[in-house]
file structure-v5.tsv (TSV, C-alpha atoms)
chain	number	residue	atom	x	y	z
A	7	MET	CA	-1.61	-21.23	-41.27
A	8	ALA	CA	1.42	-19.03	-41.98
A	9	ALA	CA	-0.64	-15.94	-41.22
A	10	LYS	CA	-1.75	-17.48	-37.91
A	11	GLU	CA	1.89	-18.15	-36.97
A	12	ILE	CA	2.84	-14.57	-37.77
A	13	THR	CA	-0.06	-13.32	-35.67
A	14	ASP	CA	0.93	-15.58	-32.77
A	15	LYS	CA	4.52	-14.40	-33.01
A	16	SER	CA	3.50	-10.76	-33.11
A	17	VAL	CA	1.36	-11.32	-30.01
A	18	ILE	CA	4.30	-12.94	-28.22
A	19	VAL	CA	6.67	-10.16	-29.29
A	20	LYS	CA	4.14	-7.55	-28.16
A	21	ALA	CA	3.73	-9.27	-24.79
A	22	ALA	CA	7.49	-9.54	-24.34
A	23	SER	CA	7.90	-5.93	-25.30
A	24	LYS	CA	5.19	-4.90	-22.82
A	25	ARG	CA	6.90	-6.90	-20.11
A	26	GLN	CA	10.28	-5.38	-20.93
A	27	ARG	CA	8.82	-1.89	-20.89
A	28	TYR	CA	7.19	-2.61	-17.52
A	29	GLU	CA	10.44	-3.93	-16.06
A	30	GLY	CA	12.25	-0.88	-17.39
A	31	LEU	CA	9.76	1.40	-15.66
A	32	VAL	CA	10.06	-0.51	-12.39
A	33	LYS	CA	13.84	-0.29	-12.49
A	34	GLU	CA	13.85	3.41	-13.32
A	35	PHE	CA	11.08	4.65	-11.05
A	36	TYR	CA	10.39	2.28	-8.17
A	37	ASN	CA	12.64	4.09	-5.71
A	38	ASP	CA	11.12	7.48	-6.57
A	39	ILE	CA	7.61	6.04	-6.39
A	40	TYR	CA	8.34	4.48	-3.01
A	41	ARG	CA	9.82	7.77	-1.74
A	42	TYR	CA	6.82	9.71	-2.99
A	43	ALA	CA	4.51	7.21	-1.28
A	44	TYR	CA	6.55	7.38	1.87
A	45	TRP	CA	6.60	11.16	2.22
A	46	LEU	CA	2.96	11.39	1.16
A	47	SER	CA	1.61	8.70	3.51
A	48	LYS	CA	4.17	9.23	6.29
A	49	SER	CA	4.36	5.48	6.85
A	50	ARG	CA	6.72	2.90	5.44
A	51	GLN	CA	4.09	0.12	5.57
A	52	LEU	CA	1.57	2.19	3.68
A	53	ALA	CA	4.27	3.33	1.28
A	54	GLU	CA	5.17	-0.25	0.45
A	55	ASP	CA	1.56	-1.21	-0.17
A	56	LEU	CA	0.85	1.95	-2.16
A	57	THR	CA	3.89	1.26	-4.35
A	58	GLN	CA	2.74	-2.30	-5.04
A	59	GLU	CA	-0.80	-1.16	-5.74
A	60	THR	CA	0.49	1.56	-8.08
A	61	PHE	CA	2.53	-0.85	-10.18
A	62	MET	CA	-0.31	-3.39	-10.14
A	63	ARG	CA	-2.67	-0.78	-11.58
A	64	ALA	CA	0.02	0.42	-13.96
A	65	TRP	CA	0.49	-3.09	-15.35
A	66	ARG	CA	-3.26	-3.57	-15.79
A	67	ALA	CA	-3.58	-0.23	-17.58
A	68	PHE	CA	-0.26	-0.45	-19.40
A	69	ASP	CA	-1.79	-0.25	-22.85
A	70	SER	CA	-3.14	3.21	-22.01
A	71	LEU	CA	0.40	4.55	-21.56
A	72	GLN	CA	1.05	6.21	-24.90
A	73	SER	CA	4.67	7.22	-24.41
A	74	ASP	CA	7.37	6.13	-21.99
A	75	ALA	CA	8.31	9.78	-21.65
A	76	ALA	CA	5.01	10.32	-19.84
A	77	ALA	CA	5.49	7.30	-17.57
A	78	LYS	CA	6.80	9.12	-14.55
A	79	ALA	CA	3.92	11.58	-14.29
A	80	TRP	CA	1.51	8.72	-15.04
A	81	LEU	CA	2.87	6.59	-12.16
A	82	PHE	CA	2.85	9.52	-9.75
A	83	THR	CA	-0.78	10.23	-10.71
A	84	ILE	CA	-1.81	6.61	-10.11
A	85	LEU	CA	-0.15	6.65	-6.70
A	86	ARG	CA	-1.69	9.96	-5.76
A	87	ARG	CA	-5.17	8.64	-6.61
A	88	GLU	CA	-4.57	5.44	-4.67
A	89	ASN	CA	-3.49	7.45	-1.65
A	90	ALA	CA	-6.59	9.65	-1.95
A	91	ARG	CA	-8.83	6.57	-2.17
A	92	LEU	CA	-7.18	5.19	0.95
A	93	TYR	CA	-7.73	8.41	2.86
A	94	GLU	CA	-11.36	8.65	1.76
A	95	LYS	CA	-12.06	5.40	3.60
A	96	PHE	CA	-9.52	5.46	6.39
A	97	ARG	CA	-7.40	8.22	7.82
A	98	PRO	CA	-4.53	6.74	9.76
A	99	GLU	CA	-2.99	9.35	12.02
A	100	LEU	CA	0.53	8.59	13.13
A	101	ASP	CA	0.28	10.38	16.43
A	102	ASP	CA	1.35	8.11	19.21
A	103	ILE	CA	4.98	7.23	19.60
A	104	ASP	CA	4.64	3.55	18.67
A	105	ASP	CA	2.90	4.40	15.45
A	106	TYR	CA	5.35	7.18	14.76
A	107	GLU	CA	8.30	4.82	15.19
A	108	SER	CA	6.72	2.19	12.96
A	109	GLY	CA	6.15	4.84	10.30
A	110	LEU	CA	9.79	5.79	10.03
A	111	PRO	CA	11.70	4.49	7.02
A	112	ASP	CA	14.10	1.59	7.27
A	113	SER	CA	17.28	3.53	7.98
A	114	ARG	CA	19.74	0.75	8.73
A	115	HIS	CA	21.73	1.67	5.62
A	116	LEU	CA	22.24	5.25	6.89
A	117	GLU	CA	24.88	6.81	9.08
A	118	PRO	CA	23.61	7.91	12.54
A	119	GLU	CA	23.69	11.58	11.51
A	120	GLN	CA	21.69	10.83	8.36
A	121	GLN	CA	19.20	8.81	10.40
A	122	MET	CA	18.69	11.83	12.63
A	123	GLU	CA	18.14	14.11	9.63
A	124	VAL	CA	15.51	11.79	8.19
A	125	ARG	CA	13.74	11.46	11.55
A	126	LEU	CA	13.62	15.22	12.04
A	127	LEU	CA	12.38	15.82	8.53
A	128	HIS	CA	9.80	13.05	8.88
A	129	LYS	CA	8.41	14.80	11.94
A	130	ALA	CA	8.48	18.23	10.32
A	131	MET	CA	6.85	17.04	7.09
A	132	ALA	CA	4.14	15.30	9.12
A	133	SER	CA	3.16	18.64	10.62
A	134	LEU	CA	3.05	20.44	7.25
A	135	GLU	CA	-0.46	20.84	5.82
A	136	PRO	CA	-1.18	18.53	2.84
A	137	GLU	CA	-1.73	21.44	0.42
A	138	TYR	CA	1.86	22.53	1.07
A	139	ARG	CA	3.43	19.14	1.56
A	140	GLU	CA	2.23	17.61	-1.68
A	141	PRO	CA	3.65	20.09	-4.21
A	142	LEU	CA	6.90	20.16	-2.30
A	143	ILE	CA	7.24	16.37	-2.45
A	144	LEU	CA	6.41	16.36	-6.15
A	145	GLN	CA	9.10	18.97	-6.75
A	146	VAL	CA	11.78	17.39	-4.59
A	147	ILE	CA	11.18	13.67	-5.19
A	148	GLY	CA	9.61	13.81	-8.64
A	149	GLY	CA	11.73	16.66	-9.95
A	150	PHE	CA	8.63	18.11	-11.61
A	151	SER	CA	8.46	21.72	-12.76
A	152	GLY	CA	5.82	24.18	-11.53
A	153	ASP	CA	3.78	23.61	-14.70
A	154	GLU	CA	3.95	19.84	-14.34
A	155	ILE	CA	2.93	20.00	-10.67
A	156	ALA	CA	0.07	22.31	-11.61
A	157	SER	CA	-1.10	19.76	-14.15
A	158	LEU	CA	-0.76	16.83	-11.71
A	159	LEU	CA	-2.65	18.63	-8.94
A	160	ASN	CA	-5.17	20.43	-11.15
A	161	LEU	CA	-4.02	23.81	-9.91
A	162	ASN	CA	-2.82	26.87	-11.74
A	163	ASN	CA	0.88	27.56	-11.94
A	164	ASN	CA	0.78	30.65	-9.69
A	165	THR	CA	-0.94	28.73	-6.93
A	166	VAL	CA	1.68	26.00	-7.14
A	167	MET	CA	4.58	28.46	-7.01
A	168	THR	CA	3.00	30.25	-4.02
A	169	ARG	CA	2.45	26.96	-2.20
A	170	LEU	CA	6.01	25.84	-2.89
A	171	PHE	CA	7.38	29.10	-1.51
A	172	ARG	CA	5.20	28.90	1.58
A	173	ALA	CA	5.90	25.19	2.04
A	174	ARG	CA	9.64	25.78	2.20
A	175	ASN	CA	9.22	28.69	4.61
A	176	LYS	CA	6.86	26.74	6.85
A	177	LEU	CA	9.19	23.77	6.84
A	178	LYS	CA	12.15	25.97	7.71
A	179	ALA	CA	10.17	27.51	10.55
A	180	ILE	CA	9.12	24.11	11.92
A	181	LEU	CA	12.66	22.77	11.73
A	182	ASP	CA	14.20	25.90	13.21
A	183	THR	CA	11.69	25.99	16.06
A	184	ASN	CA	11.86	22.35	17.01
A	185	ASN	CA	14.84	20.44	15.79
A	186	PRO	CA	16.96	22.18	13.19
A	187	LEU	CA	18.52	19.98	10.55
A	188	PRO	CA	22.30	20.06	10.76
A	189	ASP	CA	23.62	22.76	8.41
A	190	SER	CA	20.14	24.00	7.57
A	191	PRO	CA	19.97	27.75	7.20
A	192	ASN	CA	18.17	29.96	9.67
A	193	ASP	CA	16.13	32.60	7.88
A	194	GLU	CA	14.52	34.03	10.96
B	15	MET	CA	21.07	36.20	10.74
B	16	ASN	CA	21.43	36.98	7.02
B	17	ASP	CA	19.92	40.13	5.59
B	18	SER	CA	21.21	40.71	2.08
B	19	PRO	CA	19.23	39.31	-0.88
B	20	ARG	CA	22.31	37.39	-1.97
B	21	ASP	CA	22.66	35.71	1.43
B	22	THR	CA	18.95	34.93	1.51
B	23	LEU	CA	19.17	33.34	-1.93
B	24	ALA	CA	22.21	31.32	-0.89
B	25	ASP	CA	20.38	30.18	2.23
B	26	ASP	CA	17.33	29.18	0.20
B	27	LEU	CA	19.44	27.19	-2.23
B	28	ALA	CA	21.30	25.50	0.60
B	29	PHE	CA	18.02	24.62	2.31
B	30	GLN	CA	16.59	23.21	-0.91
B	31	ALA	CA	19.72	21.13	-1.51
B	32	ASN	CA	19.68	19.87	2.05
B	33	LEU	CA	15.99	19.05	1.80
B	34	GLU	CA	16.47	17.13	-1.45
B	35	HIS	CA	19.43	15.25	-0.03
B	36	THR	CA	17.53	14.23	3.13
B	37	MET	CA	14.34	13.21	1.33
B	38	GLN	CA	16.33	11.12	-1.14
B	39	LEU	CA	17.98	9.22	1.73
B	40	VAL	CA	14.80	7.16	2.08
B	41	GLN	CA	15.32	3.91	0.19
B	42	ALA	CA	12.75	1.37	-0.93
B	43	PRO	CA	12.86	-1.71	1.32
B	44	GLU	CA	14.80	-4.77	0.35
B	45	GLY	CA	12.74	-7.18	-1.71
B	46	LEU	CA	10.29	-4.59	-3.03
B	47	HIS	CA	11.92	-4.46	-6.47
B	48	ALA	CA	11.64	-8.26	-6.82
B	49	ARG	CA	7.99	-8.12	-5.74
B	50	LEU	CA	7.18	-5.43	-8.28
B	51	LEU	CA	8.73	-7.52	-11.06
B	52	GLN	CA	6.41	-10.39	-10.15
B	53	ILE	CA	3.30	-8.26	-10.53
B	54	PRO	CA	2.60	-9.12	-14.20
B	55	GLU	CA	2.34	-12.86	-13.46
B	56	LEU	CA	0.38	-12.27	-10.27
B	57	ALA	CA	-2.00	-9.80	-11.89
B	58	ASP	CA	-2.57	-12.05	-14.89
B	59	THR	CA	-3.19	-15.06	-12.62
B	60	ALA	CA	-5.60	-13.06	-10.46
B	61	ASP	CA	-7.39	-11.71	-13.56
B	62	ALA	CA	-7.71	-15.20	-15.01
B	63	ALA	CA	-9.13	-16.44	-11.71
B	64	LYS	CA	-11.54	-13.49	-11.66
B	65	ARG	CA	-12.73	-14.27	-15.20
B	66	SER	CA	-13.18	-17.90	-14.20
B	67	ALA	CA	-15.15	-16.84	-11.12
B	68	ALA	CA	-17.25	-14.51	-13.27
B	69	ASN	CA	-18.10	-17.41	-15.58
B	70	ASP	CA	-19.05	-19.48	-12.57
B	71	THR	CA	-21.21	-16.62	-11.33
B	72	HIS	CA	-22.88	-16.40	-14.74
B	73	TYR	CA	-23.67	-20.10	-14.59
B	74	LEU	CA	-24.80	-19.88	-10.99
B	75	ARG	CA	-27.05	-16.92	-11.73
B	76	ARG	CA	-29.42	-19.27	-13.56
B	77	LEU	CA	-29.59	-21.39	-10.44
B	78	LEU	CA	-30.12	-18.40	-8.14
B	79	PRO	CA	-33.91	-18.76	-7.73
B	80	VAL	CA	-33.46	-22.38	-6.66
B	81	ALA	CA	-30.57	-21.46	-4.38
B	82	ALA	CA	-32.62	-18.70	-2.76
B	83	VAL	CA	-35.40	-21.13	-1.90
B	84	LEU	CA	-32.86	-23.59	-0.51
B	85	LEU	CA	-31.18	-20.88	1.58
B	86	LEU	CA	-34.51	-19.87	3.04
B	87	ALA	CA	-35.41	-23.47	3.68
B	88	ILE	CA	-32.26	-24.44	5.52
B	89	GLY	CA	-31.54	-21.04	7.10
B	90	VAL	CA	-27.91	-20.82	6.16
B	91	GLY	CA	-26.02	-18.14	8.10
B	92	ALA	CA	-23.61	-17.26	5.31
B	93	TYR	CA	-25.43	-15.21	2.72
B	94	TYR	CA	-24.73	-13.67	-0.64
B	95	GLN	CA	-24.05	-9.91	-0.97
B	96	PRO	CA	-23.00	-9.61	-4.61
B	97	GLY	CA	-22.36	-5.85	-4.77
B	98	VAL	CA	-20.05	-5.70	-1.80
B	99	ASN	CA	-18.41	-9.04	-2.21
B	100	ALA	CA	-17.12	-9.11	-5.75
B	101	ALA	CA	-14.76	-6.19	-5.13
B	102	LEU	CA	-13.86	-7.34	-1.64
B	103	ALA	CA	-13.13	-10.92	-2.72
B	104	ASP	CA	-11.08	-9.59	-5.61
B	105	ASP	CA	-9.08	-7.46	-3.22
B	106	ILE	CA	-8.54	-10.30	-0.75
B	107	PHE	CA	-7.46	-12.89	-3.32
B	108	GLY	CA	-5.34	-10.36	-5.21
B	109	HIS	CA	-3.57	-9.47	-1.98
B	110	ILE	CA	-2.89	-13.13	-1.17
B	111	TYR	CA	-1.42	-13.77	-4.62
B	112	ILE	CA	0.90	-10.80	-4.18
B	113	GLU	CA	2.08	-11.77	-0.71
B	114	GLU	CA	2.16	-15.55	-1.19
B	115	PRO	CA	5.80	-15.76	-2.35
B	116	PHE	CA	6.84	-13.97	0.85
B	117	PHE	CA	5.07	-16.05	3.47
B	118	GLY	CA	8.41	-16.79	5.14
B	119	ASP	CA	10.43	-19.77	6.17
B	120	GLY	CA	7.95	-21.23	8.64
B	121	SER	CA	9.47	-19.61	11.73
B	122	ILE	CA	6.83	-19.09	14.41
B	123	ILE	CA	5.85	-15.54	15.37
B	124	SER	CA	4.54	-14.96	18.89
B	125	ILE	CA	1.19	-13.40	19.72
B	126	THR	CA	3.08	-10.69	21.62
B	127	GLU	CA	4.88	-9.71	18.40
B	128	VAL	CA	1.62	-9.72	16.46
B	129	ASN	CA	-0.09	-7.54	19.05
B	130	ALA	CA	2.84	-5.11	19.06
B	131	ARG	CA	2.19	-4.43	15.37
B	132	MET	CA	-1.59	-4.69	15.40
B	133	GLN	CA	-2.76	-2.97	18.57
B	134	PRO	CA	-1.30	0.57	18.27
B	135	GLY	CA	-2.45	1.32	14.73
B	136	MET	CA	-5.60	-0.77	14.41
B	137	GLY	CA	-6.94	-1.21	17.92
B	138	ILE	CA	-7.10	-4.98	17.49
B	139	SER	CA	-5.41	-7.51	19.75
B	140	MET	CA	-5.26	-11.27	20.22
B	141	GLU	CA	-5.84	-12.64	23.67
B	142	PRO	CA	-3.45	-15.41	24.70
B	143	GLY	CA	-5.30	-18.59	25.59
B	144	ASN	CA	-6.19	-22.04	24.33
B	145	ALA	CA	-7.74	-20.83	21.10
B	146	SER	CA	-4.95	-18.51	19.99
B	147	ASP	CA	-2.06	-20.54	21.44
B	148	SER	CA	-2.89	-23.39	19.10
B	149	LEU	CA	-2.30	-21.17	16.07
B	150	GLU	CA	1.16	-21.41	14.57
B	151	ILE	CA	1.66	-17.95	13.07
B	152	THR	CA	4.34	-17.82	10.37
B	153	PHE	CA	3.69	-14.44	8.75
B	154	ALA	CA	2.45	-11.12	10.15
B	155	LYS	CA	2.30	-7.90	8.15
B	156	ASP	CA	0.13	-4.81	8.24
B	157	CYS	CA	-1.19	-4.33	4.75
B	158	LEU	CA	-3.70	-2.36	2.72
B	159	ILE	CA	-6.76	-4.56	2.34
B	160	ALA	CA	-10.02	-3.08	1.13
B	161	LYS	CA	-8.16	0.27	1.17
B	162	GLN	CA	-7.60	0.05	4.88
B	163	ARG	CA	-4.62	-0.58	7.04
B	164	SER	CA	-5.27	-4.14	8.17
B	165	MET	CA	-3.41	-7.09	9.67
B	166	HIS	CA	-2.54	-10.10	7.53
B	167	LEU	CA	-1.47	-13.25	9.36
B	168	VAL	CA	-0.64	-16.65	7.96
B	169	VAL	CA	-0.93	-19.73	10.16
B	170	LYS	CA	0.00	-23.33	9.49
B	171	GLY	CA	-3.09	-25.22	8.40
B	172	GLU	CA	-3.77	-28.92	8.04
B	173	THR	CA	-3.21	-28.88	4.29
B	174	GLY	CA	-1.34	-25.62	3.70
B	175	PRO	CA	-1.05	-22.00	4.80
B	176	VAL	CA	-4.22	-20.32	6.10
B	177	ASN	CA	-4.60	-16.55	5.69
B	178	LEU	CA	-6.21	-14.55	8.49
B	179	MET	CA	-6.99	-10.89	7.89
B	180	MET	CA	-8.31	-8.42	10.40
B	181	ILE	CA	-9.84	-5.31	8.81
B	182	PRO	CA	-10.78	-2.56	11.28
B	183	SER	CA	-14.22	-1.77	9.85
B	184	GLN	CA	-17.35	-3.80	9.25
B	185	LEU	CA	-17.57	-4.60	5.54
B	186	VAL	CA	-20.17	-7.37	5.65
B	187	LYS	CA	-23.21	-8.32	7.64
B	188	GLY	CA	-23.13	-11.79	9.15
B	189	GLU	CA	-20.86	-14.03	7.17
B	190	VAL	CA	-20.05	-14.31	3.49
B	191	LYS	CA	-18.36	-17.14	1.62
B	192	ILE	CA	-15.86	-16.30	-1.09
B	193	ALA	CA	-13.93	-18.51	-3.49
B	194	ASP	CA	-11.81	-18.50	-6.60
B	195	GLU	CA	-10.21	-21.36	-8.48
B	196	HIS	CA	-7.54	-21.95	-5.83
B	197	TYR	CA	-8.93	-20.75	-2.53
B	198	HIS	CA	-12.08	-20.57	-0.46
B	199	GLY	CA	-12.74	-18.25	2.42
B	200	LEU	CA	-15.07	-16.80	5.01
B	201	VAL	CA	-15.58	-13.07	5.55
B	202	THR	CA	-17.13	-12.62	8.97
B	203	GLN	CA	-18.57	-9.58	10.69
B	204	ALA	CA	-16.81	-9.06	14.02
B	205	SER	CA	-17.69	-6.75	16.89
B	206	GLY	CA	-15.39	-3.98	15.67
B	207	GLY	CA	-14.42	-4.99	12.17
B	208	THR	CA	-14.15	-7.79	9.68
B	209	LEU	CA	-12.36	-11.12	9.98
B	210	VAL	CA	-11.26	-12.91	6.82
B	211	VAL	CA	-10.13	-16.54	6.74
B	212	VAL	CA	-8.85	-18.00	3.47
B	213	GLY	CA	-7.26	-21.38	2.79
B	214	ASN	CA	-6.94	-23.83	-0.04
B	215	LYS	CA	-10.05	-25.71	-1.08
B	216	GLN	CA	-9.24	-28.75	1.13
B	217	GLU	CA	-8.59	-26.72	4.28
B	218	PRO	CA	-11.30	-26.83	6.97
B	219	ILE	CA	-11.27	-23.05	7.49
B	220	ALA	CA	-14.22	-22.67	9.86
B	221	GLN	CA	-12.13	-23.87	12.81
B	222	TYR	CA	-9.71	-20.95	12.32
B	223	ARG	CA	-12.60	-18.49	12.22
B	224	ASP	CA	-13.91	-19.93	15.50
B	225	ARG	CA	-10.52	-19.72	17.20
B	226	MET	CA	-9.97	-16.15	15.99
B	227	VAL	CA	-13.46	-14.98	16.95
B	228	SER	CA	-12.91	-16.19	20.51
B	229	SER	CA	-9.45	-14.66	20.86
B	230	LEU	CA	-9.73	-11.27	19.13
B	231	ASN	CA	-10.45	-8.00	20.93
B	232	TRP	CA	-11.67	-5.10	18.80
B	233	GLU	CA	-11.24	-1.83	20.66
B	234	TYR	CA	-13.22	0.43	18.33
call {"tool": "encode", "arguments": {"input": "structure-v5.tsv", "output": "structure tokens"}}
result
Amino acid sequence: MAAKEITDKSVIVKAASKRQRYEGLVKEFYNDIYRYAYWLSKSRQLAEDLTQETFMRAWRAFDSLQSDAAAKAWLFTILRRENARLYEKFRPELDDIDDYESGLPDSRHLEPEQQMEVRLLHKAMASLEPEYREPLILQVIGGFSGDEIASLLNLNNNTVMTRLFRARNKLKAILDTNNPLPDSPNDE
Amino acid sequence: MNDSPRDTLADDLAFQANLEHTMQLVQAPEGLHARLLQIPELADTADAAKRSAANDTHYLRRLLPVAAVLLLAIGVGAYYQPGVNAALADDIFGHIYIEEPFFGDGSIISITEVNARMQPGMGISMEPGNASDSLEITFAKDCLIAKQRSMHLVVKGETGPVNLMMIPSQLVKGEVKIADEHYHGLVTQASGGTLVVVGNKQEPIAQYRDRMVSSLNWEY
């Protein structure tokens, strides 16, 4: 009987600990995960759903997370796979103006100048090819190193570094040609 | 124009800093954090319901030969597509459990507002008229259902909220019935997609399917 009580308590403690760990991960990473989803999918509605789906899958597979130090890369990988699954079945293209507007992030909390910066970057990022956009987002939003991005994308480090270099140059060119960001440098 | 390597490096660093700053300006929407914290309960509830449904399926499997004869005899339109439907039903019910706490305060949303969200991205619209005007829509959100951008509406039912989902691809043939321990639903093939109607077990859901079928236009 005593052994059963100890077992029950250990189960409860384990469940509480799992829940606390999950809540800790949500608090620490949900904004980054949402941003990654947003810049990857180019749509705030899809980003919201992808974020929810990512944390749903994370909770269900929580026992497979060996170390909290690996949590960030783990969450980014789940989201990336979810996004890929979505695009295998359905490829929403945010081309027309209504769709483009609905894809923009909620920017009510931003100053008008900041809103403009985000809108311009949204448009520029949308025209960047996925092979360049994705490593750049992982670097900027995730703060991952070249090696980590290489591991996440199953590429070698040199390819990642080349794509990052080209991604920045292409983005600069797009922004300079169309709508330069305020204070952005002109390397032409 | 900057030519020296030092200026180029400075420009690159400034661009990177500006890029990081702008990309970080995007903030998760209000309420998302609270929704993510509810996921453990919702997932565990949905998993328990799934296990319960699986047990029911196991029990029903023994009755399948009898049921097949009965279906043939009475020519029921709704038929069983186990491979497709288990995952689809799981997705539909899971989605409802996630969204349920956010169904709103009961304020009515107009068909014009619904069409403004649904038509551009999905090519689906509701035609105003007797059938659709009688629906009191209290929730409208474009969501990922069955991995597709779809429309999720909630209307006031006779016994509780009724979920209506419009998915812009045909996932079933004819009509399929789905159920878990709380809800029952109909997944219906439409001309350009799939219509899902889900309500609690007491809700007469077929009437909502009929009203939606007669008022929906599928462009693709």
call {"tool": "interface_residues", "arguments": {"input": "structure-v5.tsv", "of": "chain B", "to": "chain A", "cutoff": "8 Å", "atoms": "only C-alpha atoms", "output": "PyMOL selection string"}}
result
chain B and resi 15-16+22+25-26+28-29+32-34+36-43+46-47+49-51+53-54+57+134-135+156-158+161-163
call {"tool": "atom_distance", "arguments": {"input": "structure-v5.tsv", "atom1": "atom CA of Pro118 of chain A", "atom2": "atom CA of Ile180 of chain A"}}
result
21.7 Å
call {"tool": "closest_residue", "arguments": {"input": "structure-v5.tsv", "among": "B:Lys170, B:Arg225, B:Lys155, B:Lys187", "to": "Ala130 of chain B", "atoms": "all atoms listed in the file"}}
result
B:Lys155
call {"tool": "closest_residue", "arguments": {"input": "structure-v5.tsv", "among": "A:Glu119, A:Glu135, A:Phe68, A:Gly152", "to": "Thr165 of chain A", "atoms": "only C-alpha atoms"}}
result
A:Gly152
call {"tool": "atom_distance", "arguments": {"input": "structure-v5.tsv", "atom1": "atom CA of Leu185 of chain B", "atom2": "atom CA of Gln203 of chain B"}}
result
7.2 Å
call {"tool": "atom_distance", "arguments": {"input": "structure-v5.tsv", "atom1": "atom CA of Val176 of chain B", "atom2": "atom CA of Glu114 of chain B"}}
result
10.8 Å
call {"tool": "closest_residue", "arguments": {"input": "structure-v5.tsv", "among": "B:Gly118, B:Gly199, B:Pro175, B:Gly143", "to": "Ala220 of chain B", "atoms": "only C-alpha atoms"}}
result
B:Gly199
call {"tool": "residues_around", "arguments": {"input": "structure-v5.tsv", "residues": "Ala103 of chain B", "least_positions_apart": "2", "cutoff": "10 Å", "atoms": "all atoms listed in the file", "output": "list in words"}}
result
Lys64, Val98, Asn99, Ala100, Ala101, Asp105, Ile106, Phe107, Gly108, His109, Ala160, Val190, Lys191, Ile192, Ala193, Asp194, His198, Gly199, Leu200, Val201 and Val210 of chain B
call {"tool": "closest_residue", "arguments": {"input": "structure-v5.tsv", "among": "B:Ile112, B:Ala48, B:Leu23, B:Ile138", "to": "Met179 of chain B", "atoms": "all atoms listed in the file"}}
result
B:Ile138
call {"tool": "residues_around", "arguments": {"input": "structure-v5.tsv", "residues": "Leu134 of chain A", "least_positions_apart": "2", "cutoff": "9 Å", "atoms": "all atoms listed in the file", "output": "PyMOL selection string"}}
result
chain A and resi 130-132+136-139+173+176-177+180
call {"tool": "closest_residue", "arguments": {"input": "structure-v5.tsv", "among": "A:Leu158, A:Ala67, A:Met167, A:Leu142", "to": "Arg87 of chain A", "atoms": "only C-alpha atoms"}}
result
A:Leu158
call {"tool": "decode", "arguments": {"input": "structure-v5.tsv", "residues": "segment 155-167 of chain A", "atoms": "C-alpha atoms", "output": "mmCIF file, in the first residue's frame"}}
result
data_model
loop_
_atom_site.group_PDB
_atom_site.id
_atom_site.type_symbol
_atom_site.label_atom_id
_atom_site.label_comp_id
_atom_site.auth_asym_id
_atom_site.auth_seq_id
_atom_site.Cartn_x
_atom_site.Cartn_y
_atom_site.Cartn_z
ATOM 1 C CA ILE A 155 21.167 25.758 -39.307
ATOM 2 C CA ALA A 156 23.022 23.174 -41.365
ATOM 3 C CA SER A 157 21.852 20.483 -38.968
ATOM 4 C CA LEU A 158 18.245 21.749 -38.946
ATOM 5 C CA LEU A 159 18.055 21.946 -42.745
ATOM 6 C CA ASN A 160 20.166 18.867 -43.501
ATOM 7 C CA LEU A 161 22.667 20.922 -45.454
ATOM 8 C CA ASN A 162 26.397 21.286 -45.126
ATOM 9 C CA ASN A 163 27.817 24.306 -43.383
ATOM 10 C CA ASN A 164 29.334 25.850 -46.529
ATOM 11 C CA THR A 165 26.019 25.720 -48.335
ATOM 12 C CA VAL A 166 24.316 27.418 -45.416
ATOM 13 C CA MET A 167 26.910 30.190 -45.218
#
